[in-house]
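To keep things clear, I will list the structure first and then write my remarks on it.
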Amino acid sequence: MTAVAQASGQKQIKKYSPVADFFRRLIREKPLGTFGAIVVVLLLFCAVFANVISPYDPVVSNLPDRLQGPSIRHIFGTDNLGRDMLSRIIYGGRVSLYVGLGASLVNVLVATLLGLISGYLGGWFDVLVQRVVDVAISIPSLVILITLVGVLGPGLVQLILIMGINGGIQWARVVRSGVISIRENVYMDAARSIGSGLWHMLSRHVFPNILPMMVIIFSVSIAGNIMAEAGLSFLGLGLPPPTPTWGGMLSAEGRRFMYEAWWLAIFPGLILTIVIYGVNMWGDAVRDLLDPRLRGGVGRYARAVKREKAKQKA
Amino acid sequence: MGSYIIRRVLLLIPTFLLLTIFVFLIIRLMPGNVIELMVLQHSHEQAGQQQIDVEAIRHMIGLDKPVYEQYWNWLSGLFRGDMGKSLWTQKGVTADVMARLPITFELGIFAFIIAQIVAFPIGILAAIRQDSIGDYIARSISIIAVAVPSFWLATMVMVFPSIWWGWSPPERYIPMSENLGLNLQQFLIPAAIMGFGMAGLTVRMLRTTMLDVLRQDYVRTAWAKGLRERVILLRHVLKNAAIPVVTIISGQIGVLIGGAVIMEQIFNIPGMGRLFVDAVFTRDYPYIVGINALFSSVGLFTILMTDLSYAWLDPRIRYK
């Protein structure tokens, strides 16, 4: 008798946690997604502790040591001003991370705000927002980013806001269609019939349903935002020197010295590629685990195949 | 179908107007305007000489008029095929842009063709030979292709052949009229780099949607009827798998334009991208607005073509 009570008590303690379940499935089902998560965590670590782990100062030049190849003292070599490339790459990661996470956060906020209002309320506001979304989708991203950075001037906050708002407007359509399909549910009618107010409907019924979508938008946006920041820095429209950025290290300025110093060409690009790869895999895994439908009608099929294979094995 | 097309085309007009108004306004409302830049350059060139008249310049380049009037002038000029004059040189923008448009166009089309020629056979083969070695190789390369930044790849192509073999891509631009062969040769490398990234995404999408369609009942029926593999793949599978692929490809057009801007910088190709970046640095408003309008028109045209191809691929969309 007491044993049963104890057992049921233990079961109650072991509450279902969606976050823990998500990570359990990530590790079990998505090895590449797990790799991506590790890359994100490593990037986060390097960015936060850049001043602790980087062996040299990334900005102060040290001309006697200029253009030295990779060695034990300078693992990734030094650039034309004698600055340690490893330290510069670590600090460059800080910029990439700030822009990647910051702009993605703004993406989510803008997309949710616009999508929620225009999807739930509809009416003239919806029509207006839809035209604005059309505009944001029809201008090639890099072109409007170059225009706006040219206007606002380079800077971290400007980059985050420009990329965040531009991308957020584009994502608003995804949130809107999600909100519209939620609005059609019977439980919404039920909630309305018991006299729930607008705020209650949004916060208790709509918002929890679009929460997975918000996590997906955040995760999927990071790679694109990091890539866009690198592209802008490459064109000389990112953060002004001497702030080290991965795109800036590969720009025309640095290219003049790459002919005699190959390591200048390799390492920033390689690190950028690995990070984009990892973050992409992370975003894909998050999307597949939280809402396979957003992938384009493949999710159910993939799961069915997996079930079939498991059956054959058994 | 006819009324469907007309409806889609009419929807483009407000979008285009809204877009140009936005770009027109934003570059005028922000700090650090072109007049300050001109004054700065002037005082740089002729130190100690007489103070220049800011109002006179403003009047000369037409920035003293109300913004709505400026916009109206610009828009009515656009319908006559006139995009205004450069604020710095007073040269006509239209002629300059039109001279460079074909160059960027050639680069983009070239890259687009390369991407599709590479992506379609590989994507289809990866799907029908699922889990073969070829499939794994195709998948791995396509994932990498998406992650490698095009400007890094281009930088490597500039630097390493030069270090190893003393060869580097030509510095001088060769127009098509001068030598077609050399011109195509020059465009091949940047176009291939742009196409590579684009192909990666297409291969992934094509493979997954093809796999989905291959398991459908009507495909099994087609096999059972004894149709040839080619007919089944092209008519039954590919056409039904095409919609997500078309979405991905059309979404890539904007990326392609951005890629062209970057490639023109690296490979010294005097296209619209170069003109655009220069104009942004000098804040030459008519160029910025004109090129934005032009690139966005390509974007709008892409959206239109995408919608029409949906309707063509899936008749249900037409009758909605």
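By convention in this document, the chains of the structure tokens carry letters A, B, ... by their order, each chain's residues are numbered from 1, and ligands are numbered from 1 in the order they are shown.
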
Once you count only C-alpha atoms, which residues of chain B turn out to be within 7 Å of chain A? Could you give them as a PDB file with C-alpha atoms, in the first residue's frame?
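Listing of iface-v3.pdb after writing:
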```
ATOM      1  CA  THR B  15       3.665  47.361 -54.070  1.00  0.00           C
ATOM      2  CA  LEU B  19       8.475  50.536 -52.319  1.00  0.00           C
ATOM      3  CA  ILE B  27      17.328  58.303 -47.871  1.00  0.00           C
ATOM      4  CA  MET B  30      18.192  60.420 -42.436  1.00  0.00           C
ATOM      5  CA  ALA B 147      27.143  27.115 -45.719  1.00  0.00           C
ATOM      6  CA  VAL B 148      30.148  28.392 -47.680  1.00  0.00           C
ATOM      7  CA  PRO B 149      29.940  32.182 -48.098  1.00  0.00           C
ATOM      8  CA  TRP B 152      35.056  33.559 -49.273  1.00  0.00           C
ATOM      9  CA  MET B 156      40.095  31.751 -52.452  1.00  0.00           C
ATOM     10  CA  VAL B 159      44.272  34.049 -54.157  1.00  0.00           C
ATOM     11  CA  ILE B 163      49.999  31.559 -55.357  1.00  0.00           C
ATOM     12  CA  THR B 208      13.096  15.642 -50.270  1.00  0.00           C
ATOM     13  CA  THR B 209      10.005  16.545 -52.301  1.00  0.00           C
ATOM     14  CA  ASP B 212       7.695  12.366 -50.970  1.00  0.00           C
ATOM     15  CA  PRO B 244       8.319  23.653 -53.252  1.00  0.00           C
ATOM     16  CA  GLY B 254      17.129  37.919 -54.391  1.00  0.00           C
ATOM     17  CA  VAL B 255      20.161  36.112 -53.022  1.00  0.00           C
ATOM     18  CA  ILE B 257      21.191  39.711 -56.967  1.00  0.00           C
ATOM     19  CA  GLY B 258      22.981  40.226 -53.656  1.00  0.00           C
ATOM     20  CA  VAL B 280      25.605  54.501 -51.559  1.00  0.00           C
ATOM     21  CA  PHE B 281      29.039  55.707 -50.467  1.00  0.00           C
ATOM     22  CA  PHE B 295      16.347  45.419 -58.551  1.00  0.00           C
ATOM     23  CA  SER B 296      12.952  45.340 -56.852  1.00  0.00           C
ATOM     24  CA  GLY B 299      11.978  40.814 -57.426  1.00  0.00           C
ATOM     25  CA  LEU B 300       8.365  41.692 -58.241  1.00  0.00           C
TER      26      LEU B 300
END
```

May I have all residues of segment 109-227 of chain B that DSSP, computed from the backbone, assigns to helix (DSSP H, G or I), given as a compact mmCIF listing (two decimals) with N, CA and C atoms, in the first residue's frame?
```txt
# COMPACT_ATOMS: atom_id res chain seq x y z
N ILE B 109 21.95 35.63 -65.10
CA ILE B 109 21.38 34.56 -65.94
C ILE B 109 22.35 33.38 -66.02
N PHE B 110 23.61 33.71 -66.22
CA PHE B 110 24.66 32.70 -66.31
C PHE B 110 24.66 31.84 -65.04
N ALA B 111 24.67 32.52 -63.88
CA ALA B 111 24.69 31.81 -62.61
C ALA B 111 23.44 30.96 -62.44
N PHE B 112 22.31 31.52 -62.83
CA PHE B 112 21.03 30.80 -62.71
C PHE B 112 21.05 29.52 -63.53
N ILE B 113 21.54 29.65 -64.79
CA ILE B 113 21.57 28.47 -65.67
C ILE B 113 22.51 27.41 -65.09
N ILE B 114 23.69 27.84 -64.65
CA ILE B 114 24.62 26.87 -64.07
C ILE B 114 23.98 26.15 -62.89
N ALA B 115 23.32 26.93 -62.03
CA ALA B 115 22.71 26.33 -60.83
C ALA B 115 21.70 25.26 -61.22
N GLN B 116 20.83 25.56 -62.20
CA GLN B 116 19.79 24.58 -62.55
C GLN B 116 20.39 23.36 -63.24
N ILE B 117 21.38 23.60 -64.14
CA ILE B 117 21.99 22.47 -64.85
C ILE B 117 22.65 21.52 -63.85
N VAL B 118 23.24 22.08 -62.79
CA VAL B 118 23.88 21.24 -61.78
C VAL B 118 22.83 20.60 -60.87
N ALA B 119 21.86 21.41 -60.45
CA ALA B 119 20.97 20.96 -59.37
C ALA B 119 19.98 19.89 -59.81
N PHE B 120 19.37 20.05 -61.00
CA PHE B 120 18.29 19.14 -61.33
C PHE B 120 18.74 17.69 -61.50
N PRO B 121 19.76 17.41 -62.34
CA PRO B 121 20.17 16.00 -62.45
C PRO B 121 20.61 15.43 -61.10
N ILE B 122 21.36 16.20 -60.33
CA ILE B 122 21.86 15.67 -59.06
C ILE B 122 20.72 15.42 -58.09
N GLY B 123 19.79 16.38 -58.00
CA GLY B 123 18.66 16.22 -57.08
C GLY B 123 17.81 15.02 -57.45
N ILE B 124 17.54 14.85 -58.76
CA ILE B 124 16.70 13.74 -59.20
C ILE B 124 17.42 12.41 -58.95
N LEU B 125 18.71 12.35 -59.30
CA LEU B 125 19.45 11.11 -59.09
C LEU B 125 19.53 10.76 -57.61
N ALA B 126 19.76 11.77 -56.76
CA ALA B 126 19.86 11.52 -55.33
C ALA B 126 18.54 10.95 -54.80
N ALA B 127 17.42 11.40 -55.37
CA ALA B 127 16.13 10.92 -54.89
C ALA B 127 15.85 9.50 -55.37
N ILE B 128 16.11 9.20 -56.67
CA ILE B 128 15.74 7.86 -57.15
C ILE B 128 16.75 6.80 -56.73
N ILE B 133 25.71 5.62 -52.39
CA ILE B 133 26.89 6.45 -52.11
C ILE B 133 26.73 7.81 -52.77
N GLY B 134 26.23 7.79 -54.02
CA GLY B 134 26.03 9.05 -54.74
C GLY B 134 25.10 9.97 -53.99
N ASP B 135 24.04 9.41 -53.41
CA ASP B 135 23.09 10.21 -52.64
C ASP B 135 23.79 10.88 -51.45
N TYR B 136 24.62 10.09 -50.74
CA TYR B 136 25.32 10.67 -49.58
C TYR B 136 26.26 11.79 -49.99
N ILE B 137 27.00 11.55 -51.11
CA ILE B 137 27.93 12.58 -51.58
C ILE B 137 27.15 13.84 -51.96
N ALA B 138 26.07 13.66 -52.72
CA ALA B 138 25.27 14.80 -53.16
C ALA B 138 24.74 15.58 -51.96
N ARG B 139 24.25 14.84 -50.95
CA ARG B 139 23.70 15.52 -49.79
C ARG B 139 24.77 16.29 -49.02
N SER B 140 25.93 15.64 -48.83
CA SER B 140 27.00 16.31 -48.08
C SER B 140 27.43 17.59 -48.78
N ILE B 141 27.66 17.48 -50.12
CA ILE B 141 28.13 18.66 -50.84
C ILE B 141 27.08 19.76 -50.84
N SER B 142 25.81 19.36 -50.95
CA SER B 142 24.78 20.41 -51.01
C SER B 142 24.65 21.13 -49.67
N ILE B 143 24.86 20.40 -48.56
CA ILE B 143 24.81 21.08 -47.26
C ILE B 143 25.98 22.05 -47.13
N ILE B 144 27.16 21.62 -47.62
CA ILE B 144 28.33 22.50 -47.54
C ILE B 144 28.12 23.71 -48.44
N ALA B 145 27.55 23.49 -49.64
CA ALA B 145 27.36 24.58 -50.59
C ALA B 145 26.52 25.70 -49.99
N VAL B 146 25.55 25.32 -49.15
CA VAL B 146 24.71 26.34 -48.53
C VAL B 146 25.50 27.13 -47.49
N ALA B 147 26.46 26.46 -46.84
CA ALA B 147 27.14 27.12 -45.72
C ALA B 147 28.34 27.96 -46.14
N SER B 150 29.78 32.93 -50.41
CA SER B 150 30.28 33.06 -51.78
C SER B 150 31.50 33.95 -51.84
N PHE B 151 31.55 34.99 -50.99
CA PHE B 151 32.69 35.89 -51.11
C PHE B 151 33.99 35.25 -50.60
N TRP B 152 33.85 34.27 -49.70
CA TRP B 152 35.06 33.56 -49.27
C TRP B 152 35.57 32.66 -50.39
N LEU B 153 34.64 31.92 -51.00
CA LEU B 153 35.00 31.06 -52.13
C LEU B 153 35.67 31.89 -53.22
N ALA B 154 35.08 33.06 -53.51
CA ALA B 154 35.64 33.92 -54.56
C ALA B 154 37.03 34.40 -54.17
N THR B 155 37.20 34.76 -52.91
CA THR B 155 38.52 35.21 -52.45
C THR B 155 39.56 34.11 -52.64
N MET B 156 39.17 32.87 -52.30
CA MET B 156 40.09 31.75 -52.45
C MET B 156 40.45 31.55 -53.91
N VAL B 157 39.45 31.69 -54.80
CA VAL B 157 39.71 31.52 -56.22
C VAL B 157 40.63 32.62 -56.74
N MET B 158 40.53 33.80 -56.15
CA MET B 158 41.44 34.88 -56.53
C MET B 158 42.86 34.59 -56.06
N VAL B 159 42.97 34.09 -54.81
CA VAL B 159 44.27 34.05 -54.16
C VAL B 159 45.07 32.79 -54.51
N PHE B 160 44.44 31.59 -54.38
CA PHE B 160 45.26 30.38 -54.44
C PHE B 160 45.81 30.02 -55.82
N PRO B 161 45.01 30.13 -56.90
CA PRO B 161 45.64 29.87 -58.20
C PRO B 161 46.81 30.81 -58.45
N SER B 162 46.70 32.01 -57.92
CA SER B 162 47.77 32.98 -58.10
C SER B 162 49.03 32.56 -57.35
N ILE B 163 48.85 32.01 -56.14
CA ILE B 163 50.00 31.56 -55.36
C ILE B 163 50.62 30.32 -55.98
N TRP B 164 49.75 29.35 -56.39
CA TRP B 164 50.27 28.07 -56.86
C TRP B 164 50.80 28.14 -58.28
N TRP B 165 49.99 28.72 -59.19
CA TRP B 165 50.37 28.65 -60.61
C TRP B 165 50.62 30.03 -61.21
N LEU B 180 33.52 37.58 -77.49
CA LEU B 180 32.48 36.80 -76.80
C LEU B 180 33.09 35.69 -75.96
N GLY B 181 34.08 35.00 -76.50
CA GLY B 181 34.68 33.87 -75.80
C GLY B 181 35.34 34.29 -74.50
N LEU B 182 36.16 35.34 -74.60
CA LEU B 182 36.85 35.80 -73.40
C LEU B 182 35.86 36.37 -72.38
N ASN B 183 34.81 37.00 -72.89
CA ASN B 183 33.78 37.55 -72.01
C ASN B 183 33.12 36.45 -71.20
N LEU B 184 32.74 35.37 -71.89
CA LEU B 184 32.09 34.26 -71.19
C LEU B 184 33.05 33.61 -70.20
N GLN B 185 34.33 33.51 -70.63
CA GLN B 185 35.35 32.95 -69.75
C GLN B 185 35.44 33.75 -68.45
N GLN B 186 35.40 35.07 -68.62
CA GLN B 186 35.52 35.95 -67.46
C GLN B 186 34.34 35.80 -66.50
N PHE B 187 33.14 35.60 -67.08
CA PHE B 187 31.95 35.48 -66.24
C PHE B 187 31.80 34.09 -65.64
N LEU B 188 32.52 33.11 -66.21
CA LEU B 188 32.29 31.73 -65.80
C LEU B 188 32.57 31.52 -64.31
N ILE B 189 33.71 32.04 -63.83
CA ILE B 189 34.09 31.77 -62.44
C ILE B 189 33.10 32.40 -61.44
N PRO B 190 32.83 33.72 -61.52
CA PRO B 190 31.86 34.27 -60.57
C PRO B 190 30.48 33.63 -60.71
N ALA B 191 30.08 33.33 -61.95
CA ALA B 191 28.76 32.72 -62.13
C ALA B 191 28.72 31.33 -61.52
N ALA B 192 29.81 30.58 -61.67
CA ALA B 192 29.85 29.23 -61.10
C ALA B 192 29.80 29.30 -59.58
N ILE B 193 30.49 30.28 -58.99
CA ILE B 193 30.48 30.40 -57.53
C ILE B 193 29.07 30.74 -57.04
N MET B 194 28.42 31.68 -57.72
CA MET B 194 27.05 32.02 -57.33
C MET B 194 26.11 30.83 -57.53
N GLY B 195 26.31 30.13 -58.67
CA GLY B 195 25.44 28.99 -58.98
C GLY B 195 25.60 27.86 -57.98
N PHE B 196 26.82 27.66 -57.50
CA PHE B 196 27.13 26.58 -56.55
C PHE B 196 26.27 26.71 -55.29
N GLY B 197 26.27 27.92 -54.71
CA GLY B 197 25.48 28.13 -53.50
C GLY B 197 24.00 27.92 -53.75
N MET B 198 23.55 28.42 -54.91
CA MET B 198 22.13 28.32 -55.24
C MET B 198 21.74 26.86 -55.46
N ALA B 199 22.62 26.10 -56.13
CA ALA B 199 22.31 24.71 -56.45
C ALA B 199 22.16 23.88 -55.18
N GLY B 200 22.96 24.18 -54.16
CA GLY B 200 22.93 23.39 -52.93
C GLY B 200 21.54 23.30 -52.33
N LEU B 201 20.90 24.45 -52.21
CA LEU B 201 19.57 24.50 -51.61
C LEU B 201 18.55 23.78 -52.49
N THR B 202 18.68 23.98 -53.83
CA THR B 202 17.74 23.36 -54.76
C THR B 202 17.84 21.84 -54.70
N VAL B 203 19.08 21.33 -54.64
CA VAL B 203 19.26 19.88 -54.58
C VAL B 203 18.56 19.32 -53.34
N ARG B 204 18.76 19.97 -52.21
CA ARG B 204 18.15 19.46 -50.97
C ARG B 204 16.63 19.42 -51.09
N MET B 205 16.06 20.53 -51.59
CA MET B 205 14.60 20.61 -51.68
C MET B 205 14.06 19.61 -52.69
N LEU B 206 14.75 19.54 -53.85
CA LEU B 206 14.30 18.64 -54.92
C LEU B 206 14.30 17.20 -54.42
N ARG B 207 15.36 16.82 -53.71
CA ARG B 207 15.48 15.45 -53.23
C ARG B 207 14.33 15.12 -52.27
N THR B 208 14.11 15.98 -51.27
CA THR B 208 13.10 15.64 -50.27
C THR B 208 11.69 15.61 -50.88
N THR B 209 11.36 16.56 -51.75
CA THR B 209 10.00 16.54 -52.30
C THR B 209 9.83 15.40 -53.29
N MET B 210 10.90 15.09 -54.06
CA MET B 210 10.80 13.95 -54.98
C MET B 210 10.55 12.67 -54.20
N LEU B 211 11.26 12.49 -53.09
CA LEU B 211 11.07 11.29 -52.27
C LEU B 211 9.63 11.19 -51.79
N ASP B 212 9.07 12.33 -51.44
CA ASP B 212 7.69 12.37 -50.97
C ASP B 212 6.75 11.90 -52.07
N VAL B 213 6.95 12.46 -53.28
CA VAL B 213 6.04 12.14 -54.39
C VAL B 213 6.22 10.70 -54.86
N LEU B 214 7.48 10.22 -54.84
CA LEU B 214 7.74 8.87 -55.33
C LEU B 214 6.93 7.81 -54.59
N ASP B 217 0.46 7.05 -54.25
CA ASP B 217 -0.25 5.95 -54.91
C ASP B 217 -0.25 6.08 -56.43
N TYR B 218 -0.42 7.35 -56.91
CA TYR B 218 -0.53 7.49 -58.36
C TYR B 218 0.78 7.18 -59.07
N VAL B 219 1.89 7.29 -58.35
CA VAL B 219 3.17 6.91 -58.97
C VAL B 219 3.26 5.39 -59.05
N ARG B 220 2.77 4.72 -58.01
CA ARG B 220 2.76 3.25 -58.04
C ARG B 220 1.86 2.77 -59.19
N THR B 221 0.73 3.47 -59.35
CA THR B 221 -0.17 3.12 -60.45
C THR B 221 0.54 3.28 -61.79
N ALA B 222 1.29 4.37 -61.93
CA ALA B 222 2.00 4.62 -63.18
C ALA B 222 3.00 3.50 -63.46
N TRP B 223 3.70 3.05 -62.39
CA TRP B 223 4.61 1.92 -62.57
C TRP B 223 3.82 0.68 -63.00
N ALA B 224 2.70 0.45 -62.33
CA ALA B 224 1.91 -0.75 -62.59
C ALA B 224 1.39 -0.76 -64.02
```

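With only C-alpha atoms as the atoms that count, the residue of B:Ser132, B:Asn179, B:Thr306, B:Asn73 with the shortest distance to Ile248 of chain B is B:Thr306.
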